[in-house]
Structures are given as structure tokens and as C-alpha cells.
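Okay, so here's the structure we're looking at.
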Amino acid sequence: MSGLQAIRYSRGKLEVLDQLRLPHEHHYDEVSTSEEAFDSIKSMRVRGAPAIAIVAALGHGVELHKGSCTASTAEETISYIDSRLDYLKQSRPTAVDLTNAVSHLKHVIRSVDVSGRENNTAGRDAIIDAYITAAEEIFRKDTETNLLMGEHGSKWLLENAPTKSADNKVSVLTHCNTGSLATSGHGTALGIIRSLHSGGHLHHAFCTETRPYNQGSRLTAFELVYEGIPSTLITDSMAGALFARKKAEDNIAAVIVGADRVVRNGDTANKIGTYTLAVLAKYHGLKFIVAAPTTSIDLQTEAGAGIKIEERKPEELTQISGAVVGKDGKVDVSRTERVATAHQGINIWNPAFDVTPAELIDAVVTERGVVVKGADGAFDFKGIMPERWAKVVGE
């Protein structure tokens, strides 16, 4: 598994890697309040649906550990935790992992047996301890989940690849960043690529720069080089040309992406540009794979039209920051400049995500297995999450 860590945690201390400084600087911010967690998420110093949920959950956990809750009864304690979780939930509304984590943690604190302690601090302390333990379990379980997705996804692709080399290797393209920097470790879509590589079945990984925030060029390229995985960076607009010219030569078999939200019918919200790649993959006969833990599956929303799409500030599209390159061609990490890349008077539309229709998706890889469309052409997640399905859908 990758040695990169986006999140460092021990009880009472949370450190989050500032991903806006990558790839040139490694700097961890200490997060000890819900406000600091909110700011880390909203500013995208931490990003990736699993990592967002982890930082929100643990950020409040650290706050609780340090004594932020002064309630004197169990009811007041639950009310306080609810209010902090509701606040954190607003930091990035599209990513469903955060919503699911909030719902889970609210359920946990209501399940604590405080009989005989309802009106004293002993009940409060029991609820706080249960919360912190549950938040830590979200962090621990994410890595286990990612390793399973890597195993399931790499196996499925090798069995269903439209093209492979004589020695059973494939090339793939990925979008945005879905690796260790977006999770607790290993990654989702990038985790499948890591598993292909470690198994000796990856010929080459292509990654898009992922405009306008450049998570591909700043983060995924960094991870791929760090891991020694054979890889090439392209601009988002080069994908069609890549498939047309190099599919046969490099055995490009699939586009593998992560997900911020997969709804009941399989429509998937992910980083802007994902929809375009799905259309190109369909035209060129490539598999289009979504890697999503079950925490990213939203059974309550029936179709993609019901997903709220976050819109980002205009400056993210018209300006960019980076380390200065000196006249000698070397990067000077001690000097950072912000430059304009477009006329500042132009109108801007900057959605952070788009929605890829289920018709364009071949497989959704989860930690519980791979879901493909049935004979009716529809995804059915009932088999991998029967309890949640029965609770939400009721069929």
C-alpha cells in the first residue's frame, strides 16, 4: 500500500496534508475544531469523498476529546453533536460519503445506553466516547475497503478487457485524484490501478490534468511518480485523440474513475469532465468503470437529476497558483505566485461535478463486489447492500 498519507491521526490529534501545496511542498495542518475541519474541506486542502467524511468525523472527534462539549445531560450532548455535524455536512454538499457518515454518527450516539445516567456527565461522557470510537472506525475501515475494491476491480477488468497484451497487461486512463490523497490509503480508482500494477498486469496509466483545479496534474501525477508506476499526463481535451491513436498500441482497455455520489439507478456524480470521458470511452469501445465504496452509494436519490451540484468560485477557473520556475529551469518551492489565465471580466460557469448517465457505465466496483447492469440494462445494488436497500427502498 502507498506510503503517502493525506490524514495522520491519533486520539486527540488530527493532521491533514495541505493538498493545495502539492506537488512541491509537504505540509500538514493540525485540525482540532469543526471550524478548522470545515475550512480544510471547503478550501479543498483536503478533498476526495472518503477523505472529506473522515476529516469531518475526526475533526469533531478531536474537538470533543479536548472538551468542547459542556453539556450536562445526554439529551444536550446529542443536540450539541447534531449541530456540529449539521454544520460540517454543508462543507461539500455533493459528496455523499459525508452525508452517510453524519447519518451513521447520529445513529451511533442515539444507540448508547445511558440508563440511569441521562441527567449527569457520565451519560455525556459515554456518548462522546461512542462518537470518537465510531469516527475512528470510519477511518480504519476505509483502507480495508479500498484494498478490497482494488482486488475486485483489477480482477473484473482483466476478465472483461476489450484489449490486452500477449502477457495479459492493460493500460487505463483515470481522471481527477482518487488515490491515497483522497482516502485513508490505497485509493478507489487509483487503488485499482495500484492493484493492477502490483499484480504485474498494468502496462501504462494515463491521467488527465483535470481542470480547473488540476487534481490530476498536481496530485495523481505526483502519486504515480511517487509509486514508480509507468504513467503519462495528458490534458483533459487529449483523451479522444489518445484513444484513437494509442488504444491498440498500448492496449488501452478502460477509463477508471471514482465517484462523489452514485444514486440508485447508477447515475454517477464525479469530478467535472467525467461525463465527457464516458462518452469517449463508449465510442472507442473501452470499459468505463466507477470505483465507489458503498458509502458513496445514495439509495435515497433515484436518478442523477436529483443530485445537487456544487458550483465553485470563478477565480478557480481564471487564476492559478504555483511554485516559481527560475531562469535555470528549476522549481523554487520557496516562491509561489498567483497568475491570471483568462480575462478577469469574462463570465464564468464553474460546476465542480457532472453526472454520468448509468447507460454509459459498464461496472460499479465496491468493496462488496462488482455490480454490472442486468438483462434490463439497469444497475441493481440490492444484492450488495440488502439491509440499506430494504430500509430505504423497501422492496
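Lettering and numbering for the C-alpha cells are positional, with chains as A, B, ... in the shown order, residues counted from 1 in each chain, and ligands counted from 1 in the shown order.
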Enumerate the residues of range 170-369 of chain A with a DSSP assignment of strand (DSSP E), computed from the backbone, and present them as JSON, numbers by chain. {"A": [170, 171, 172, 173, 174, 202, 203, 204, 205, 206, 207, 208, 231, 232, 233, 234, 252, 253, 254, 255, 256, 257, 261, 262, 263, 268, 269, 270, 271, 287, 288, 289, 290, 291, 297, 298, 319, 320, 321, 322, 323, 324, 325, 331, 332, 333, 334, 335, 336, 337, 338, 339, 340, 353, 354, 355, 356, 363, 364, 365, 366, 369]}
Could you pull out the alpha helix (DSSP H) residues of range 150-221 of chain A, going by DSSP on the backbone, and write them as a ChimeraX atom specification? /A:150-160,189-198,215,221
Residue neighbourhood range 28-39 of chain A, 12 Å, only C-alpha atoms, exclusion window fewer than 2 positions, as JSON, numbers by chain: {"A": [5, 6, 7, 8, 9, 10, 11, 12, 13, 14, 15, 16, 17, 18, 19, 20, 21, 22, 25, 26, 41, 42, 43, 44, 45, 46, 47, 51, 52, 53, 54, 55, 56, 57, 58, 59, 60, 61, 62, 63, 64, 65, 66, 67, 68, 69, 81, 83, 84, 85, 86, 87, 88, 89, 90, 91, 92, 93, 98]}
Pairwise distance for CA of Ile109 in chain A and CA of Thr133 in chain A, rounded to one decimal in Å: 10.6 Å
For range 272-297 of chain A against range 215-239 of chain A, with a cut-off of 8 Å and counting only C-alpha atoms, what is the closest atom pair and its distance in Å to one decimal for every residue that makes the cut, ordered by chain and number, as a tab-separated table?
residue	atom	partner	partner_atom	distance
A:Gly273	CA	A:Asp236	CA	7.5
A:Leu277	CA	A:Ala239	CA	7.3
A:Leu280	CA	A:Ala239	CA	7.7
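Residues surrounding Gly123 in chain A within 8 Å are A:Thr73, A:Ala74, A:Val114, A:Arg117, A:Glu118 [only C-alpha atoms; sequence separation below 5 positions excluded].
Counting only C-alpha atoms, the residue from A:Ala259, A:Leu173, A:Met149, A:Val112 that sits nearest to Gly48 in chain A is A:Ala259.
Using only C-alpha atoms, the smallest distance between any of A:Arg264, A:Lys308, A:Lys287, A:Lys327 and Phe379 in chain A comes from A:Arg264.
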Determine, counting only C-alpha atoms, which protein, DNA and RNA residues have an atom within 6 Å of an atom of range 349-363 of chain A; residues of the same chain fewer than 3 positions away are not included. Present the result as a ChimeraX atom specification. /A:266-272,275,278,288-289,310-312,371-372
Restrict the selected residues to all heavy atoms and save them as a compact mmCIF listing (two decimals), in the first residue's frame.
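Saved as selection_33.txt:
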# COMPACT_ATOMS: atom_id res chain seq x y z
N GLY A 266 -27.74 4.19 -10.73
CA GLY A 266 -26.38 4.07 -11.25
C GLY A 266 -25.81 5.36 -11.81
O GLY A 266 -24.60 5.43 -12.10
N ASP A 267 -26.64 6.39 -12.02
CA ASP A 267 -26.10 7.69 -12.44
C ASP A 267 -25.05 8.14 -11.42
O ASP A 267 -25.24 7.99 -10.21
CB ASP A 267 -27.21 8.74 -12.51
CG ASP A 267 -28.19 8.51 -13.64
OD1 ASP A 267 -27.94 7.64 -14.50
OD2 ASP A 267 -29.24 9.20 -13.67
N THR A 268 -23.95 8.70 -11.92
CA THR A 268 -22.81 8.96 -11.05
C THR A 268 -22.32 10.40 -11.15
O THR A 268 -21.97 10.88 -12.24
CB THR A 268 -21.65 8.00 -11.39
OG1 THR A 268 -22.07 6.65 -11.12
CG2 THR A 268 -20.41 8.32 -10.59
N ALA A 269 -22.26 11.07 -10.00
CA ALA A 269 -21.66 12.40 -9.93
C ALA A 269 -20.18 12.24 -9.60
O ALA A 269 -19.82 11.56 -8.64
CB ALA A 269 -22.34 13.25 -8.86
N ASN A 270 -19.35 12.86 -10.40
CA ASN A 270 -17.91 12.83 -10.18
C ASN A 270 -17.32 14.12 -10.73
O ASN A 270 -18.03 14.96 -11.29
CB ASN A 270 -17.30 11.59 -10.85
CG ASN A 270 -15.87 11.33 -10.38
OD1 ASN A 270 -15.60 11.32 -9.18
ND2 ASN A 270 -14.95 11.16 -11.30
N LYS A 271 -16.03 14.26 -10.57
CA LYS A 271 -15.35 15.48 -10.99
C LYS A 271 -15.73 15.87 -12.42
O LYS A 271 -15.85 15.02 -13.30
CB LYS A 271 -13.84 15.28 -10.89
CG LYS A 271 -12.99 16.47 -11.29
CD LYS A 271 -13.34 17.74 -10.53
CE LYS A 271 -13.29 17.59 -9.05
NZ LYS A 271 -13.73 18.82 -8.33
N ILE A 272 -15.93 17.16 -12.63
CA ILE A 272 -16.30 17.68 -13.95
C ILE A 272 -15.35 17.13 -15.03
O ILE A 272 -14.14 17.10 -14.83
CB ILE A 272 -16.31 19.23 -13.93
CG1 ILE A 272 -17.00 19.79 -15.19
CG2 ILE A 272 -14.92 19.79 -13.75
CD1 ILE A 272 -18.48 19.66 -15.17
N TYR A 275 -18.16 12.86 -17.40
CA TYR A 275 -19.20 12.57 -18.40
C TYR A 275 -18.59 12.53 -19.80
O TYR A 275 -18.85 11.60 -20.59
CB TYR A 275 -20.29 13.63 -18.28
CG TYR A 275 -21.51 13.48 -19.17
CD1 TYR A 275 -21.77 12.32 -19.88
CD2 TYR A 275 -22.42 14.53 -19.27
CE1 TYR A 275 -22.90 12.20 -20.67
CE2 TYR A 275 -23.56 14.43 -20.06
CZ TYR A 275 -23.79 13.27 -20.77
OH TYR A 275 -24.90 13.16 -21.56
N ALA A 278 -16.74 9.37 -20.39
CA ALA A 278 -17.63 8.23 -20.56
C ALA A 278 -18.15 8.14 -21.99
O ALA A 278 -18.24 7.04 -22.57
CB ALA A 278 -18.80 8.32 -19.59
N PHE A 288 -15.91 1.47 -19.10
CA PHE A 288 -15.98 2.63 -18.22
C PHE A 288 -16.36 2.13 -16.83
O PHE A 288 -17.45 1.62 -16.61
CB PHE A 288 -16.99 3.66 -18.71
CG PHE A 288 -16.88 4.98 -18.00
CD1 PHE A 288 -15.99 5.94 -18.45
CD2 PHE A 288 -17.64 5.24 -16.88
CE1 PHE A 288 -15.86 7.16 -17.79
CE2 PHE A 288 -17.52 6.44 -16.20
CZ PHE A 288 -16.62 7.41 -16.66
N ILE A 289 -15.41 2.27 -15.90
CA ILE A 289 -15.55 1.68 -14.57
C ILE A 289 -15.60 2.78 -13.51
O ILE A 289 -14.76 3.68 -13.49
CB ILE A 289 -14.36 0.75 -14.27
CG1 ILE A 289 -14.30 -0.38 -15.31
CG2 ILE A 289 -14.46 0.18 -12.86
CD1 ILE A 289 -13.02 -1.20 -15.25
N GLU A 310 -22.38 21.17 -6.73
CA GLU A 310 -21.67 22.32 -6.16
C GLU A 310 -21.05 23.17 -7.27
O GLU A 310 -20.48 22.64 -8.22
CB GLU A 310 -20.55 21.81 -5.25
CG GLU A 310 -19.65 22.88 -4.68
CD GLU A 310 -18.44 22.30 -3.95
OE1 GLU A 310 -18.30 21.06 -3.93
OE2 GLU A 310 -17.65 23.09 -3.43
N GLU A 311 -21.19 24.48 -7.15
CA GLU A 311 -20.53 25.39 -8.08
C GLU A 311 -19.45 26.17 -7.33
O GLU A 311 -19.68 26.67 -6.22
CB GLU A 311 -21.55 26.33 -8.74
CG GLU A 311 -22.51 25.56 -9.64
CD GLU A 311 -23.24 26.46 -10.64
OE1 GLU A 311 -22.83 27.63 -10.80
OE2 GLU A 311 -24.21 25.98 -11.24
N ARG A 312 -18.27 26.25 -7.94
CA ARG A 312 -17.12 26.84 -7.29
C ARG A 312 -16.94 28.29 -7.74
O ARG A 312 -17.53 28.75 -8.72
CB ARG A 312 -15.86 26.03 -7.62
CG ARG A 312 -15.93 24.56 -7.27
CD ARG A 312 -15.82 24.29 -5.81
NE ARG A 312 -14.53 24.73 -5.27
CZ ARG A 312 -14.19 24.65 -4.00
NH1 ARG A 312 -15.07 24.18 -3.12
NH2 ARG A 312 -13.00 25.06 -3.59
N VAL A 371 -20.74 -4.54 -9.43
CA VAL A 371 -22.12 -4.51 -9.87
C VAL A 371 -22.16 -4.13 -11.35
O VAL A 371 -21.59 -3.11 -11.75
CB VAL A 371 -22.96 -3.51 -9.06
CG1 VAL A 371 -24.42 -3.52 -9.51
CG2 VAL A 371 -22.86 -3.81 -7.57
N VAL A 372 -22.79 -4.95 -12.15
CA VAL A 372 -22.96 -4.67 -13.58
C VAL A 372 -24.45 -4.62 -13.87
O VAL A 372 -25.28 -5.05 -13.06
CB VAL A 372 -22.26 -5.73 -14.47
CG1 VAL A 372 -20.76 -5.72 -14.24
CG2 VAL A 372 -22.82 -7.12 -14.19
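With CA of Thr163 in chain A on one side and CA of Ala378 in chain A on the other, the separation reads 24.9 Å.
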Within 7 Å of His203 in chain A, counting only C-alpha atoms, which residues qualify if same-chain residues fewer than 4 places away don't, as a ChimeraX atom specification? /A:169-171
Just the residues within 7 Å of Glu337 in chain A, please, counting only C-alpha atoms, with nothing from its chain fewer than 2 positions along; format it as a PyMOL selection string. chain A and resi 321-324+335+339
Could you dump the residues just selected with C-alpha atoms as an mmCIF file, in the first residue's frame?
data_model
loop_
_atom_site.group_PDB
_atom_site.id
_atom_site.type_symbol
_atom_site.label_atom_id
_atom_site.label_comp_id
_atom_site.auth_asym_id
_atom_site.auth_seq_id
_atom_site.Cartn_x
_atom_site.Cartn_y
_atom_site.Cartn_z
ATOM 1 C CA SER A 321 -1.142 29.487 -8.142
ATOM 2 C CA GLY A 322 2.134 27.624 -8.352
ATOM 3 C CA ALA A 323 5.784 27.492 -7.425
ATOM 4 C CA VAL A 324 8.013 29.759 -9.498
ATOM 5 C CA ARG A 335 8.393 31.290 -4.089
ATOM 6 C CA VAL A 339 -1.308 34.460 -12.122
#
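For the choices A:Asp129, A:Asn177, A:Thr294, A:His343, the atom-to-atom distance to Ala101 in chain A is smallest for A:Thr294 when using only C-alpha atoms.
Going from CA of Phe139 in chain A over to CA of Leu190 in chain A, you cover 18.3 Å.
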